[in-house]
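Asker: Below is structure.cif; it holds mmCIF, C-alpha atoms.
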```cif
data_my_file
loop_
_atom_site.label_atom_id
_atom_site.label_comp_id
_atom_site.auth_asym_id
_atom_site.auth_seq_id
_atom_site.Cartn_x
_atom_site.Cartn_y
_atom_site.Cartn_z
CA MET C 1 -8.63 28.17 8.10
CA PRO C 2 -6.94 25.09 6.60
CA ARG C 3 -8.88 23.03 4.10
CA ILE C 4 -8.85 19.32 3.42
CA ASN C 5 -6.38 18.37 0.73
CA GLU C 6 -8.66 16.87 -1.92
CA ASN C 7 -5.66 15.27 -3.65
CA LEU C 8 -4.58 13.31 -0.58
CA SER C 9 -4.28 9.60 -1.37
CA LEU C 10 -4.94 7.72 1.84
CA LYS C 11 -3.55 4.44 0.57
CA ASP C 12 -0.35 6.04 -0.71
CA LYS C 13 0.26 8.58 2.03
CA GLU C 14 2.29 7.29 4.96
CA TYR C 15 2.16 8.90 8.37
CA VAL C 16 4.14 8.30 11.53
CA ALA C 17 2.96 9.99 14.71
CA MET C 18 6.31 10.24 16.47
CA LYS C 19 9.28 8.18 15.33
CA PRO C 20 10.70 6.28 18.31
CA GLY C 21 14.28 7.26 17.47
CA ALA C 22 16.17 7.60 20.75
CA ASP C 23 12.89 6.99 22.66
CA ILE C 24 13.47 10.08 24.80
CA ILE C 25 10.19 9.89 26.70
CA GLY C 26 10.51 6.14 27.20
CA HIS C 27 13.95 6.44 28.77
CA ALA C 28 12.86 9.25 31.09
CA LEU C 29 9.78 7.31 32.22
CA GLN C 30 11.85 4.20 32.90
CA ASP C 31 14.38 6.20 34.91
CA TYR C 32 11.63 7.80 36.98
CA LEU C 33 10.06 4.42 37.71
CA ALA C 34 13.51 3.17 38.75
CA GLY C 35 13.78 5.96 41.34
CA GLU C 36 15.15 9.03 39.50
CA GLN C 37 12.43 11.35 40.74
CA ALA C 38 14.05 14.39 39.13
CA ALA C 39 14.11 12.92 35.62
CA THR C 40 13.45 15.83 33.27
CA ILE C 41 13.16 16.15 29.50
CA GLN C 42 14.25 19.31 27.70
CA VAL C 43 11.74 20.32 25.04
CA TYR C 44 12.64 22.59 22.10
CA SER C 45 10.17 24.00 19.59
CA ASP C 46 10.05 26.40 16.67
CA ILE C 47 7.60 28.79 18.36
CA ALA C 48 8.71 29.11 21.99
CA ASP C 49 11.68 29.11 24.34
CA PRO C 50 12.95 25.73 25.59
CA GLU C 51 10.83 24.15 28.31
CA GLU C 52 11.18 21.33 30.80
CA LEU C 53 8.91 18.29 30.87
CA ILE C 54 9.03 16.57 34.25
CA ALA C 55 8.71 12.79 33.99
CA ALA C 56 6.75 12.73 37.26
CA TYR C 57 3.85 14.42 35.47
CA PHE C 58 3.19 11.24 33.51
CA PHE C 59 2.68 9.34 36.77
CA ARG C 60 0.01 11.58 38.30
CA SER C 61 -2.88 10.09 40.23
CA ALA C 62 -6.52 10.68 39.33
CA ALA C 63 -6.70 13.36 42.01
CA GLN C 64 -3.73 15.18 40.44
CA MET C 65 -5.17 15.20 36.91
CA PRO C 66 -6.42 18.46 35.36
CA GLU C 67 -10.18 18.93 35.38
CA LEU C 68 -10.47 18.32 31.63
CA GLU C 69 -8.89 14.90 32.06
CA LYS C 70 -11.24 14.04 34.92
CA ILE C 71 -14.21 14.99 32.76
CA ALA C 72 -12.82 12.91 29.89
CA LEU C 73 -12.51 9.82 32.07
CA ARG C 74 -16.09 10.24 33.27
CA HIS C 75 -17.27 10.19 29.64
CA CYS C 76 -15.50 6.91 28.84
CA ARG C 77 -17.63 3.83 28.34
CA GLY C 78 -17.45 0.29 27.04
CA LYS C 79 -14.26 -1.13 25.59
CA ILE C 80 -11.57 1.57 25.56
CA ALA C 81 -8.41 2.34 23.57
CA ASP C 82 -6.04 4.79 25.25
CA LEU C 83 -3.85 6.24 22.46
CA GLY C 84 -0.48 7.74 23.29
CA ALA C 85 -0.89 6.33 26.79
CA GLY C 86 2.56 7.31 28.09
CA ALA C 87 3.06 5.91 31.59
CA GLY C 88 -0.51 4.60 31.62
CA SER C 89 -2.06 6.81 34.28
CA HIS C 90 -5.38 7.15 32.46
CA SER C 91 -5.45 3.47 31.53
CA LEU C 92 -4.80 2.44 35.13
CA GLU C 93 -7.55 4.69 36.47
CA LEU C 94 -10.04 3.27 33.98
CA GLN C 95 -8.85 -0.28 34.55
CA ASN C 96 -9.22 0.14 38.30
CA ASN C 97 -12.81 1.22 37.70
CA GLY C 98 -13.61 -2.00 35.88
CA PHE C 99 -13.13 -0.99 32.24
CA ASN C 100 -11.52 -3.15 29.56
CA VAL C 101 -8.68 -0.88 28.40
CA THR C 102 -5.95 -1.32 25.79
CA ALA C 103 -3.09 1.16 26.08
CA PHE C 104 -1.28 2.07 22.85
CA ASP C 105 2.05 3.88 22.62
CA ILE C 106 4.81 3.97 20.02
CA SER C 107 7.48 4.19 22.73
CA LYS C 108 9.04 0.85 23.70
CA GLY C 109 10.12 2.31 27.03
CA ALA C 110 6.67 3.69 27.81
CA CYS C 111 5.12 0.31 27.06
CA ALA C 112 7.57 -1.38 29.41
CA VAL C 113 6.70 1.13 32.14
CA MET C 114 2.97 0.53 31.69
CA ARG C 115 3.39 -3.21 32.00
CA LYS C 116 5.44 -2.79 35.18
CA ARG C 117 2.77 -0.50 36.60
CA GLY C 118 0.09 -3.12 36.03
CA VAL C 119 -1.68 -2.08 32.82
CA ASN C 120 -3.16 -5.36 31.60
CA ASN C 121 -3.29 -4.72 27.85
CA VAL C 122 -0.40 -2.81 26.29
CA VAL C 123 0.33 -2.53 22.56
CA GLN C 124 3.38 -0.83 21.05
CA ALA C 125 1.95 0.80 17.95
CA ASP C 126 1.58 4.06 16.09
CA VAL C 127 -1.83 5.75 16.28
CA PHE C 128 -2.23 5.15 12.54
CA SER C 129 -1.72 1.39 12.98
CA LEU C 130 -4.34 0.15 15.42
CA GLY C 131 -5.22 -3.03 13.54
CA ALA C 132 -8.81 -4.18 13.07
CA GLU C 133 -9.96 -4.22 16.71
CA GLN C 134 -12.99 -2.06 17.49
CA PHE C 135 -13.59 0.06 20.58
CA ASP C 136 -16.52 1.90 22.14
CA THR C 137 -14.27 4.75 23.33
CA ILE C 138 -11.00 5.96 21.84
CA LEU C 139 -9.25 8.25 24.31
CA MET C 140 -6.58 10.79 23.35
CA LEU C 141 -5.48 13.01 26.24
CA MET C 142 -2.55 15.36 26.92
CA ASN C 143 -3.34 16.94 23.53
CA GLY C 144 -3.31 13.44 22.13
CA ILE C 145 -4.69 14.50 18.76
CA GLY C 146 -1.35 16.22 18.26
CA LEU C 147 0.04 12.80 17.38
CA VAL C 148 -1.48 13.08 13.88
CA ASN C 149 1.12 15.75 12.98
CA SER C 150 -0.87 17.98 10.64
CA PRO C 151 -4.29 18.73 9.12
CA ASP C 152 -3.65 16.15 6.38
CA GLY C 153 -2.63 13.69 9.06
CA LEU C 154 -5.88 14.42 10.90
CA VAL C 155 -7.90 13.56 7.79
CA TYR C 156 -5.98 10.33 7.33
CA PHE C 157 -6.40 9.44 11.00
CA LEU C 158 -10.14 10.13 11.07
CA GLU C 159 -10.69 8.02 7.97
CA ARG C 160 -8.69 5.09 9.34
CA LEU C 161 -10.34 5.38 12.75
CA LYS C 162 -13.71 4.49 11.25
CA ASN C 163 -12.48 0.88 11.17
CA ASN C 164 -11.73 0.97 14.90
CA LEU C 165 -14.94 2.51 16.21
CA ALA C 166 -17.63 0.08 17.29
CA PRO C 167 -21.21 1.03 16.32
CA GLY C 168 -22.14 4.07 18.40
CA GLY C 169 -18.49 4.53 19.40
CA GLN C 170 -16.88 7.81 20.42
CA VAL C 171 -13.53 9.59 20.35
CA ILE C 172 -12.67 11.71 23.40
CA LEU C 173 -9.79 14.13 22.83
CA ASP C 174 -8.34 17.40 24.00
CA SER C 175 -6.38 20.10 22.21
CA SER C 176 -5.57 23.81 22.42
CA ASP C 177 -5.92 26.94 20.35
CA ILE C 178 -2.39 28.36 20.22
CA THR C 179 -3.29 31.38 18.09
CA TYR C 180 -2.44 33.61 21.08
CA MET C 181 1.24 32.77 20.57
CA TYR C 182 1.23 34.64 17.26
CA TYR C 183 0.19 38.05 18.59
CA ASP C 184 2.94 40.67 18.76
CA GLU C 185 3.51 43.17 21.56
CA GLU C 186 1.10 45.62 19.95
CA GLY C 187 -1.71 43.07 19.82
CA ALA C 188 -1.53 42.39 16.08
CA LEU C 189 -1.97 38.83 14.85
CA ASN C 190 0.95 37.76 12.69
CA LEU C 191 -0.01 34.71 10.65
CA ASP C 192 1.37 33.77 7.25
CA LEU C 193 -1.73 32.49 5.47
CA ASN C 194 0.45 30.97 2.75
CA ALA C 195 2.53 28.95 5.19
CA GLU C 196 1.76 25.68 6.93
CA TYR C 197 -1.19 25.76 9.33
CA HIS C 198 -0.06 27.71 12.38
CA GLY C 199 -1.15 24.93 14.76
CA VAL C 200 1.59 22.63 13.46
CA VAL C 201 4.58 22.92 15.80
CA THR C 202 7.96 21.27 15.33
CA TYR C 203 9.41 19.80 18.53
CA GLN C 204 12.63 18.10 19.53
CA MET C 205 13.30 16.45 22.89
CA GLU C 206 16.54 15.93 24.79
CA TYR C 207 17.25 13.73 27.78
CA LYS C 208 20.65 13.12 29.38
CA ASN C 209 22.41 14.81 26.45
CA LYS C 210 20.66 12.62 23.86
CA LYS C 211 18.36 14.28 21.35
CA GLY C 212 15.49 12.62 19.55
CA GLN C 213 14.48 13.34 15.98
CA PRO C 214 12.41 16.50 15.37
CA PHE C 215 8.71 15.77 15.00
CA LYS C 216 5.56 17.72 14.22
CA TRP C 217 2.66 18.11 16.62
CA LEU C 218 -0.81 19.43 15.84
CA PHE C 219 -2.70 21.96 17.94
CA ILE C 220 -6.11 22.65 16.44
CA GLU C 221 -8.81 25.16 17.32
CA PHE C 222 -12.22 23.68 18.05
CA PRO C 223 -14.02 25.34 15.08
CA VAL C 224 -11.35 23.99 12.72
CA LEU C 225 -11.63 20.53 14.25
CA GLN C 226 -15.40 20.74 13.76
CA GLU C 227 -14.95 21.51 10.07
CA TYR C 228 -12.61 18.60 9.52
CA CYS C 229 -14.95 16.28 11.40
CA GLU C 230 -17.94 17.37 9.34
CA GLN C 231 -16.09 16.80 6.07
CA THR C 232 -14.94 13.33 7.14
CA GLY C 233 -18.31 12.14 8.44
CA TYR C 234 -18.08 12.88 12.17
CA THR C 235 -20.11 14.95 14.59
CA CYS C 236 -17.92 17.02 16.92
CA GLU C 237 -19.25 18.15 20.32
CA LEU C 238 -17.55 20.52 22.77
CA LEU C 239 -17.58 18.87 26.20
CA ALA C 240 -15.62 21.39 28.27
CA GLN C 241 -13.16 24.26 28.13
CA GLY C 242 -10.11 24.75 30.31
CA GLU C 243 -7.25 27.16 30.90
CA ASN C 244 -4.91 28.42 28.18
CA ASP C 245 -7.52 27.94 25.43
CA GLN C 246 -7.69 24.18 26.02
CA TYR C 247 -10.84 22.21 25.31
CA LEU C 248 -12.28 18.71 25.46
CA ALA C 249 -14.26 17.30 22.54
CA LYS C 250 -16.28 14.21 21.68
CA LEU C 251 -16.40 12.83 18.13
CA THR C 252 -18.99 10.37 16.88
CA LEU C 253 -19.69 9.04 13.41
CA GLN C 254 -22.65 10.63 11.69
CA ASP C 255 -25.65 8.39 11.02
#
```
Translate the structure described by the file into C-alpha cells.

Answerer:
Amino acid sequence: MPRINENLSLKDKEYVAMKPGADIIGHALQDYLAGEQAATIQVYSDIADPEELIAAYFFRSAAQMPELEKIALRHCRGKIADLGAGAGSHSLELQNNGFNVTAFDISKGACAVMRKRGVNNVVQADVFSLGAEQFDTILMLMNGIGLVNSPDGLVYFLERLKNNLAPGGQVILDSSDITYMYYDEEGALNLDLNAEYHGVVTYQMEYKNKKGQPFKWLFIEFPVLQEYCEQTGYTCELLAQGENDQYLAKLTLQD
C-alpha cells in the first residue's frame, strides 16, 4: 500500500492533471456536436490493449448514465463544482434540476462544447487551479480522481481542495480497483512493490491520426483512498459499489 511522501513540498511541487497538448478529447467532442456521430478516440495504455472511446458517451442523458453516476447526482447539494466535466452532461442534469453549477475542464474544446450545450458557468482550468471560490459539493465522475495523476498528486489535491470546500462541504468521486489486471493466468498476483503504485496508468490518446502527449491517470482502491483521506484530514465514506470493482465515495473534512 502506497504511503504519503513526507518530503513532498506542496508549494514547490507542480502538478498538471492532463496537459491540453493536441486537445484530443476536445476535438472529438466538437466534431460529435457538429454531426460526426461516429467520432472515436483511440486510447493506448501501458497495461492493456488499445481501446476505443466513443465521443457519444460523453453526451449521454441522465437515463443513460451508469447507476453510480445517478447515485452521485442524487447526493449533490448546494453550490457545485463539476471537475473534469467533459461535454457537461452531469453539469446540465444538475443545472436543469435547479443547482448552481460551475463546470471545470482543462480542454478548450470541451469548454466550447459545454457552452454550446447550454452550461451556464464554464471555466477552463486544471483541477489543481480552482482559485479561491468555495463549493458545497465538488463532483468528480468518470473516475475523475484519476486527474490527480498519482498518490503524491492526490495528497497535493486534497490539501489544496480544503480552500475550495465550503463549511460542511463534500467531495463526491468514483474510482476503480484495477488490481485484477495484474493477475496472471494461474491466478498469481504480480505486483512489483518497489515500482510506482500499480494504480498509476500511463495513457496516450489519438484522434484522426493526431496523438496527444502521454499522461498518467490514477486508479485507487477504496481502502487506500481511505488511508490517504485520514492522513490529510478527511473522512471517506463508501456510498456504493458497481461493476468491475468500481465504487462511489464521499469525502468530508474532519471536524

Asker: Using all atoms listed in the file, which of C:Leu248, C:Leu141, C:Val201, C:Leu73 sits nearest Leu225 (chain C)?

Answerer: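 Ranking C:Leu248, C:Leu141, C:Val201, C:Leu73 by distance to Leu225 (chain C), first place goes to C:Leu248.
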
Asker: Given all atoms listed in the file as the basis, pick out the residue of C:Ala28, C:Gln241, C:Leu94, C:Asp46 nearest to Met181 (chain C).

Answerer: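 Once distances to Met181 (chain C) are computed over all atoms listed in the file, the minimum belongs to C:Asp46.
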
Asker: Would you compute an axis-aligned box for region 90-97 of chain C, covering every atom listed for it in the file with 5 Å of margin on each side, and report centre and edge lengths in Å to one decimal as lines of an AutoDock Vina configuration file?

Answerer:
```
center_x = -8.8
center_y = 3.4
center_z = 34.9
size_x = 18.0
size_y = 17.4
size_z = 16.8
```

Asker: Nearest to Gly146 (chain C) among C:Leu251, C:Val123, C:Val200, C:Met65, with distances taken over all atoms listed in the file: which residue is it?

Answerer: C:Val200

Asker: When the PyMOL selection byres ((chain C and resi 158-165) around 7) is applied to the file above, which residues end up in the set, as a list in words?

Answerer: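 That expression, the PyMOL selection byres ((chain C and resi 158-165) around 7), corresponds here to Ala132, Glu133, Gln134, Phe135, Asp136, Leu154, Val155, Tyr156, Phe157, Ala166, Pro167, Gly169 and Thr232 of chain C.
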
Asker: Smallest atom-to-atom distance to Gly153 (chain C): which of C:Tyr180, C:Trp217, C:Tyr203, C:Phe99, using all atoms listed in the file?

Answerer: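 Of C:Tyr180, C:Trp217, C:Tyr203, C:Phe99, the one nearest Gly153 (chain C) is C:Trp217, counting all atoms listed in the file.
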
Asker: Around (-18.2, 16.3, 6.0) in the file's own coordinates, what residues are found within 12 Å if you use all atoms listed in the file, given back as a CSV table (one decimal) with C-alpha atoms, keeping the file's coordinate frame?

Answerer:
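Generated output (selection.csv):
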```csv
chain,number,residue,atom,x,y,z
C,3,ARG,CA,-8.9,23.0,4.1
C,4,ILE,CA,-8.8,19.3,3.4
C,155,VAL,CA,-7.9,13.6,7.8
C,158,LEU,CA,-10.1,10.1,11.1
C,159,GLU,CA,-10.7,8.0,8.0
C,225,LEU,CA,-11.6,20.5,14.2
C,226,GLN,CA,-15.4,20.7,13.8
C,227,GLU,CA,-15.0,21.5,10.1
C,228,TYR,CA,-12.6,18.6,9.5
C,229,CYS,CA,-15.0,16.3,11.4
C,230,GLU,CA,-17.9,17.4,9.3
C,231,GLN,CA,-16.1,16.8,6.1
C,232,THR,CA,-14.9,13.3,7.1
C,233,GLY,CA,-18.3,12.1,8.4
C,234,TYR,CA,-18.1,12.9,12.2
C,235,THR,CA,-20.1,15.0,14.6
C,236,CYS,CA,-17.9,17.0,16.9
C,253,LEU,CA,-19.7,9.0,13.4
C,254,GLN,CA,-22.6,10.6,11.7
C,255,ASP,CA,-25.6,8.4,11.0
```

Asker: Spell out the residues picked by the PyMOL selection byres ((chain C and resi 215) around 8) here, as a JSON list (two decimals) with C-alpha atoms, in the frame of the given file.

Answerer:
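Resulting contents of expr_8.json:
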```
[["chain", "number", "residue", "atom", "x", "y", "z"],
["C", 18, "MET", "CA", 6.31, 10.24, 16.47],
["C", 19, "LYS", "CA", 9.28, 8.18, 15.33],
["C", 149, "ASN", "CA", 1.12, 15.75, 12.98],
["C", 202, "THR", "CA", 7.96, 21.27, 15.33],
["C", 203, "TYR", "CA", 9.41, 19.80, 18.53],
["C", 204, "GLN", "CA", 12.63, 18.10, 19.53],
["C", 213, "GLN", "CA", 14.48, 13.34, 15.98],
["C", 214, "PRO", "CA", 12.41, 16.50, 15.37],
["C", 216, "LYS", "CA", 5.56, 17.72, 14.22],
["C", 217, "TRP", "CA", 2.66, 18.11, 16.62]]
```
